[in-house]
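This is target_14.csv (CSV, C-alpha atoms).
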chain,number,residue,atom,x,y,z
B,1,MET,CA,95.9,121.3,116.5
B,2,GLY,CA,97.2,121.5,113.0
B,3,ARG,CA,96.9,118.3,110.9
B,4,LYS,CA,99.9,118.9,108.7
B,5,LYS,CA,102.3,116.1,109.1
B,6,ARG,CA,106.1,116.4,108.8
B,7,THR,CA,108.2,113.2,108.6
B,8,TYR,CA,111.6,113.4,110.3
B,9,ILE,CA,113.1,109.9,110.0
B,10,LEU,CA,112.8,106.7,108.1
B,11,VAL,CA,115.2,104.4,109.9
B,12,LEU,CA,114.8,101.0,108.3
B,13,ALA,CA,112.7,99.6,105.5
B,14,ILE,CA,111.6,96.0,104.9
B,15,ALA,CA,114.5,93.8,103.9
B,16,VAL,CA,114.1,91.7,100.8
B,17,VAL,CA,117.1,89.5,100.2
B,18,ALA,CA,117.8,87.6,97.0
B,19,VAL,CA,120.4,84.9,97.3
B,20,SER,CA,121.2,81.6,95.6
B,21,VAL,CA,120.0,78.8,97.8
B,22,GLN,CA,119.4,75.1,97.9
B,23,CYS,CA,119.1,73.5,101.3
B,24,SER,CA,117.8,70.5,103.2
B,25,PHE,CA,116.6,70.9,106.7
B,26,ALA,CA,114.9,69.1,109.6
B,27,SER,CA,111.4,70.5,109.6
B,28,SER,CA,108.1,70.6,111.4
B,29,LYS,CA,104.9,69.3,109.9
B,30,GLU,CA,104.6,70.0,106.2
B,31,HIS,CA,101.7,72.0,104.9
B,32,TYR,CA,100.5,72.4,101.3
B,33,PHE,CA,100.2,76.1,100.4
B,34,GLY,CA,99.1,76.1,96.8
B,35,LYS,CA,100.6,76.4,93.3
B,36,THR,CA,102.8,79.0,91.6
B,37,PRO,CA,101.4,80.6,88.4
B,38,ARG,CA,103.3,77.9,86.5
B,39,GLY,CA,101.7,75.1,88.5
B,40,GLN,CA,104.6,74.2,90.8
B,41,LYS,CA,103.4,73.0,94.2
B,42,ILE,CA,104.4,75.1,97.2
B,43,TYR,CA,104.8,73.7,100.7
B,44,TYR,CA,105.8,75.3,104.0
B,45,THR,CA,106.8,74.5,107.6
B,46,THR,CA,106.8,76.7,110.7
B,47,SER,CA,109.5,77.1,113.3
B,48,ASN,CA,109.9,79.1,116.5
B,49,VAL,CA,112.0,82.2,116.5
B,50,LYS,CA,114.1,82.8,119.7
B,51,ALA,CA,112.7,85.5,121.9
B,52,HIS,CA,114.5,88.8,121.4
B,53,ASN,CA,114.2,92.6,121.7
B,54,ILE,CA,114.2,95.1,118.9
B,55,ARG,CA,115.0,98.8,119.7
B,56,LYS,CA,114.4,101.6,117.3
B,57,TYR,CA,115.3,105.3,117.9
B,58,GLY,CA,113.7,108.4,116.4
B,59,THR,CA,115.8,111.5,115.7
B,60,LYS,CA,115.8,114.7,117.6
B,61,LEU,CA,113.2,117.2,116.7
B,62,SER,CA,114.2,120.6,115.3
B,63,LYS,CA,114.5,123.4,117.9
B,64,SER,CA,111.4,125.2,116.5
B,65,ASN,CA,109.3,122.1,116.6
B,66,TRP,CA,110.5,121.3,120.1
B,67,LYS,CA,109.2,124.6,121.3
B,68,LYS,CA,105.8,123.9,119.8
B,69,PHE,CA,105.9,120.5,121.5
B,70,GLN,CA,106.7,122.1,124.9
B,71,LYS,CA,103.8,124.5,124.4
B,72,GLY,CA,101.4,121.7,123.7
B,73,THR,CA,100.5,122.9,120.2
B,74,VAL,CA,101.8,119.7,118.5
B,75,ASP,CA,102.2,116.0,119.5
B,76,VAL,CA,105.0,113.7,118.6
B,77,ALA,CA,103.7,110.6,116.8
B,78,ILE,CA,105.9,107.5,116.7
B,79,SER,CA,105.0,104.6,114.4
B,80,PHE,CA,106.6,101.2,114.8
B,81,PHE,CA,105.4,98.0,113.1
B,82,GLN,CA,102.5,100.1,111.7
B,83,LYS,CA,101.4,100.8,115.3
B,84,LYS,CA,101.1,104.5,115.9
B,85,VAL,CA,100.9,106.5,119.2
B,86,GLY,CA,100.8,110.2,119.8
B,87,ILE,CA,102.9,111.6,122.7
B,88,THR,CA,102.2,114.9,124.2
B,89,TYR,CA,104.6,117.0,126.3
B,90,THR,CA,102.3,116.4,129.3
B,91,VAL,CA,102.6,112.7,128.9
B,92,VAL,CA,106.4,113.0,128.9
B,93,THR,CA,106.6,115.1,132.0
B,94,THR,CA,104.1,112.9,133.8
B,95,ALA,CA,106.2,109.8,132.9
B,96,LEU,CA,109.3,111.5,134.3
B,97,GLY,CA,107.5,112.5,137.5
B,98,LEU,CA,107.8,116.2,136.9
B,99,MET,CA,105.1,118.4,138.4
B,100,GLN,CA,103.8,121.5,136.7
B,101,ASP,CA,105.3,123.8,139.3
B,102,ASP,CA,108.7,122.1,139.0
B,103,ARG,CA,111.5,124.3,137.8
B,104,VAL,CA,112.8,121.4,135.7
B,105,SER,CA,111.8,121.1,132.1
B,106,VAL,CA,112.6,118.5,129.5
B,107,GLN,CA,115.0,120.1,127.1
B,108,TYR,CA,115.7,120.2,123.4
B,109,GLY,CA,117.7,117.1,122.4
B,110,THR,CA,115.4,114.6,124.1
B,111,ARG,CA,114.8,111.5,122.0
B,112,PHE,CA,112.1,108.9,121.9
B,113,PHE,CA,112.5,105.2,121.2
B,114,ALA,CA,110.4,102.0,121.1
B,115,ASP,CA,111.2,98.5,122.2
B,116,ALA,CA,109.5,95.5,120.7
B,117,GLN,CA,109.8,92.5,123.0
B,118,MET,CA,109.3,89.6,120.6
B,119,HIS,CA,108.3,86.8,122.8
B,120,SER,CA,106.1,84.4,120.6
B,121,ILE,CA,107.3,84.7,117.0
B,122,LYS,CA,107.1,82.0,114.4
B,123,GLU,CA,108.7,81.7,110.9
B,124,ARG,CA,107.2,80.2,107.8
B,125,THR,CA,109.6,78.6,105.4
B,126,PHE,CA,108.2,78.0,101.9
B,127,TYR,CA,109.8,75.6,99.5
B,128,ILE,CA,109.3,73.7,96.2
B,129,TYR,CA,110.5,70.2,95.5
B,130,GLU,CA,113.0,69.8,92.7
B,131,ASP,CA,112.2,66.1,92.1
B,132,THR,CA,109.0,64.0,91.8
B,133,LYS,CA,110.0,61.8,94.8
B,134,HIS,CA,110.1,64.8,97.1
B,135,LYS,CA,113.7,64.2,98.2
B,136,ARG,CA,115.2,67.6,97.3
B,137,LYS,CA,113.5,70.8,98.3
B,138,ARG,CA,114.6,74.4,97.5
B,139,VAL,CA,113.6,77.2,99.9
B,140,VAL,CA,112.2,80.2,98.0
B,141,TYR,CA,110.5,82.4,100.6
B,142,THR,CA,110.3,83.0,104.4
B,143,ASP,CA,108.1,85.3,106.5
B,144,GLN,CA,107.3,85.8,110.2
B,145,TYR,CA,104.3,86.4,112.5
B,146,GLY,CA,103.5,86.2,116.2
B,147,LYS,CA,103.0,88.1,119.5
B,148,GLY,CA,105.1,90.7,121.2
B,149,ASP,CA,105.0,93.7,123.5
B,150,LEU,CA,105.5,97.3,122.2
B,151,LEU,CA,107.0,99.6,124.8
B,152,TYR,CA,107.6,103.3,124.4
B,153,TYR,CA,110.3,105.3,126.2
B,154,VAL,CA,111.6,108.9,126.5
B,155,ASP,CA,115.3,109.5,126.7
B,156,PRO,CA,115.3,113.0,128.1
B,157,VAL,CA,117.8,115.8,128.2
B,158,GLY,CA,117.4,117.9,131.4
B,159,LYS,CA,118.3,118.1,135.0
B,160,ASN,CA,117.8,115.0,137.2
B,161,VAL,CA,115.8,113.1,134.5
B,162,HIS,CA,116.3,109.6,133.3
B,163,VAL,CA,115.2,107.2,130.7
B,164,THR,CA,111.6,106.3,131.5
B,165,ARG,CA,108.9,104.1,130.1
B,166,ILE,CA,105.8,105.9,128.9
B,167,LYS,CA,103.4,103.4,130.5
B,168,LYS,CA,100.1,104.8,129.1
B,169,LYS,CA,101.3,104.3,125.6
B,170,CYS,CA,102.7,100.7,125.9
B,171,LYS,CA,100.8,97.9,124.2
B,172,TYR,CA,101.0,94.2,125.2
B,173,ASN,CA,100.6,90.9,123.4
B,174,ILE,CA,100.2,92.6,120.0
B,175,THR,CA,100.0,90.4,116.8
B,176,PHE,CA,102.8,91.2,114.4
B,177,LYS,CA,103.1,90.1,110.8
B,178,THR,CA,105.6,90.8,108.1
B,179,ARG,CA,104.4,92.7,105.0
B,180,CYS,CA,102.3,90.6,102.6
B,181,PHE,CA,101.9,87.8,105.2
B,182,ASP,CA,98.2,87.5,104.4
B,183,SER,CA,98.5,87.9,100.6
B,184,LYS,CA,98.4,84.3,99.4
B,185,SER,CA,98.5,85.4,95.7
B,186,TYR,CA,101.6,87.5,96.3
B,187,ILE,CA,103.5,84.7,98.1
B,188,LYS,CA,102.6,82.2,95.4
B,189,LYS,CA,103.8,84.5,92.7
B,190,ARG,CA,107.0,85.3,94.5
B,191,CYS,CA,107.7,81.6,95.2
B,192,GLY,CA,107.5,80.9,91.5
B,193,ILE,CA,109.8,83.8,90.6
B,194,ASN,CA,112.3,82.9,93.2
B,195,TYR,CA,112.3,79.2,92.2
B,196,ASN,CA,112.9,80.1,88.6
B,197,HIS,CA,115.7,82.5,89.5
B,198,ARG,CA,117.2,80.2,92.1
B,199,SER,CA,116.8,82.8,94.8
B,200,LYS,CA,115.2,83.2,98.2
B,201,GLU,CA,113.1,86.1,99.5
B,202,VAL,CA,113.3,86.8,103.2
B,203,TRP,CA,110.9,88.9,105.3
B,204,ASN,CA,111.5,89.3,109.0
B,205,LEU,CA,110.1,91.4,111.7
B,206,ASP,CA,113.4,92.9,112.7
B,207,ASP,CA,113.5,95.0,109.5
B,208,GLN,CA,110.4,97.2,109.8
B,209,ILE,CA,109.7,100.9,109.6
B,210,LEU,CA,110.0,103.4,112.4
B,211,PHE,CA,109.2,107.0,111.6
B,212,GLN,CA,108.5,110.0,113.7
B,213,THR,CA,106.2,112.9,112.8
B,214,LEU,CA,104.7,116.0,114.3
B,215,GLU,CA,101.0,116.4,113.9

Before we go any further, please render this structure as structure tokens.
Amino acid sequence: MGRKKRTYILVLAIAVVAVSVQCSFASSKEHYFGKTPRGQKIYYTTSNVKAHNIRKYGTKLSKSNWKKFQKGTVDVAISFFQKKVGITYTVVTTALGLMQDDRVSVQYGTRFFADAQMHSIKERTFYIYEDTKHKRKRVVYTDQYGKGDLLYYVDPVGKNVHVTRIKKKCKYNITFKTRCFDSKSYIKKRCGINYNHRSKEVWNLDDQILFQTLE
């Protein structure tokens, strides 16, 4: 199988939002995170994110690549939340309940998509106090992490075929984190910059990358 990769779609990139913000809010237990490069103390609280579903579609393959896919010479690879799976034509026909001797084939125009069922997600809210008495806090950065199920589907074009889950490729109770979640130095630096610019940086799991390749 050839190893040359061809990228067909980049649906969404991480969202980084800069907005002027100053807010007060009811919070959970406060945690000390560290200091910005200028010595400002950073604190954060965590909160639960309501369970929800995220669906991302890939684009249709070209006709020439679809023929290669049907012949089994290439696989379709779908990446979602940096989790990558390879899907063969045999996996697709098996999921759809098509036997090898059936006169029904999955046609060009078939699409693949992934559902992320985000069932245990938390959000961290970082802030810096604007006064020595800790009465006024300014939110400067938020990110997310938690657990979810990643389910893959085929939305086929063909006779008597329907949208079907590709069960062998599904993954359950996966840990998800937004980009730079574990980089304490990055977060401290960005908190300082956002505080000085009176802005807020938002990272959330809904805005992640889905891309589809042939391998």

Find the nearest atom pair between each residue of range 91-139 of chain B and range 163-183 of chain B for residues within 8 Å, count all atoms listed in the file, give distances in Å to one decimal, sort rows by chain and ascending number, and present the table as a Markdown table.
| residue | atom | partner | partner_atom | distance |
| --- | --- | --- | --- | --- |
| B:Val91 | CA | B:Ile166 | CA | 7.5 |
| B:Val92 | CA | B:Ile166 | CA | 7.1 |
| B:Ala95 | CA | B:Ile166 | CA | 5.6 |
| B:Leu96 | CA | B:Thr164 | CA | 6.3 |

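Minimum atom-to-atom distances from B:Lys147, B:Lys184, B:Lys137, B:Lys200 to Asn48 in chain B were compared using all atoms listed in the file, and the lowest value belongs to B:Lys147.
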
Name all residues at most 7 Å from His119 in chain B (count all atoms listed in the file; drop same-chain ones fewer than 3 positions away) and give them as a PDB file with C-alpha atoms, in the coordinates of the input.
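Written file, selection_8.pdb:
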ATOM      1  CA  ALA B  51     112.700  85.500 121.900  1.00  0.00           C
ATOM      2  CA  HIS B  52     114.500  88.800 121.400  1.00  0.00           C
ATOM      3  CA  LYS B 147     103.000  88.100 119.500  1.00  0.00           C
ATOM      4  CA  GLY B 148     105.100  90.700 121.200  1.00  0.00           C
TER       5      GLY B 148
END

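Distance-wise, CA of Lys188 in chain B and CA of Ser28 in chain B end up 20.5 Å apart.
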
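Once Ala114 in chain B and its same-chain neighbours fewer than 6 positions away are set aside, Arg55, Lys56, Leu151 and Tyr152 of chain B remain within 6 Å of it when counting only C-alpha atoms.
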
Length of the CA of Val74 in chain B to CA of Thr88 in chain B vector [Å]: 7.5 Å

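If only C-alpha atoms are the atoms counted, then among B:Ile54, B:Ala77, B:Val202, B:Val49 the closest residue to Thr142 in chain B is B:Val202.
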
Shell around Val161 in chain B at 12 Å using only C-alpha atoms, local window under 6 positions removed, as a ChimeraX atom specification: /B:92-98,104-107,110,154-155

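From CA of Val85 in chain B back to CA of Arg111 in chain B, the distance works out to 15.0 Å.
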
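With all atoms listed in the file as the atoms that count, the residue of B:Thr90, B:Ser120, B:Asn53, B:Asn194 with the shortest distance to Gln70 in chain B is B:Thr90.
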
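Of the residues under consideration (B:His134, B:Asp206, B:Arg198, B:Gly192), B:Gly192 shows the shortest atom-to-atom contact distance to Pro37 in chain B when counting only C-alpha atoms.
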
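When all atoms listed in the file are used to measure the gap to Gly58 in chain B, the shortest distance among B:His31, B:Arg124, B:Tyr153, B:Thr132 belongs to B:Tyr153.
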
Show me, as a PDB file with C-alpha atoms, in the frame of the given file, the residues that have an atom within 10 Å of Thr45 in chain B when counting all atoms listed in the file, minus same-chain residues fewer than 4 positions from it.
ATOM      1  CA  ALA B  26     114.900  69.100 109.600  1.00  0.00           C
ATOM      2  CA  SER B  27     111.400  70.500 109.600  1.00  0.00           C
ATOM      3  CA  SER B  28     108.100  70.600 111.400  1.00  0.00           C
ATOM      4  CA  LYS B  29     104.900  69.300 109.900  1.00  0.00           C
ATOM      5  CA  GLU B  30     104.600  70.000 106.200  1.00  0.00           C
ATOM      6  CA  HIS B  31     101.700  72.000 104.900  1.00  0.00           C
ATOM      7  CA  TYR B  32     100.500  72.400 101.300  1.00  0.00           C
ATOM      8  CA  PHE B  33     100.200  76.100 100.400  1.00  0.00           C
ATOM      9  CA  GLU B 123     108.700  81.700 110.900  1.00  0.00           C
ATOM     10  CA  ARG B 124     107.200  80.200 107.800  1.00  0.00           C
ATOM     11  CA  THR B 125     109.600  78.600 105.400  1.00  0.00           C
ATOM     12  CA  PHE B 126     108.200  78.000 101.900  1.00  0.00           C
ATOM     13  CA  TYR B 127     109.800  75.600  99.500  1.00  0.00           C
ATOM     14  CA  THR B 142     110.300  83.000 104.400  1.00  0.00           C
TER      15      THR B 142
END

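Proximity of B:Ala116, B:Ile42, B:Ile128, B:Cys191 to Leu150 in chain B, computed with all atoms listed in the file, is greatest for B:Ala116.
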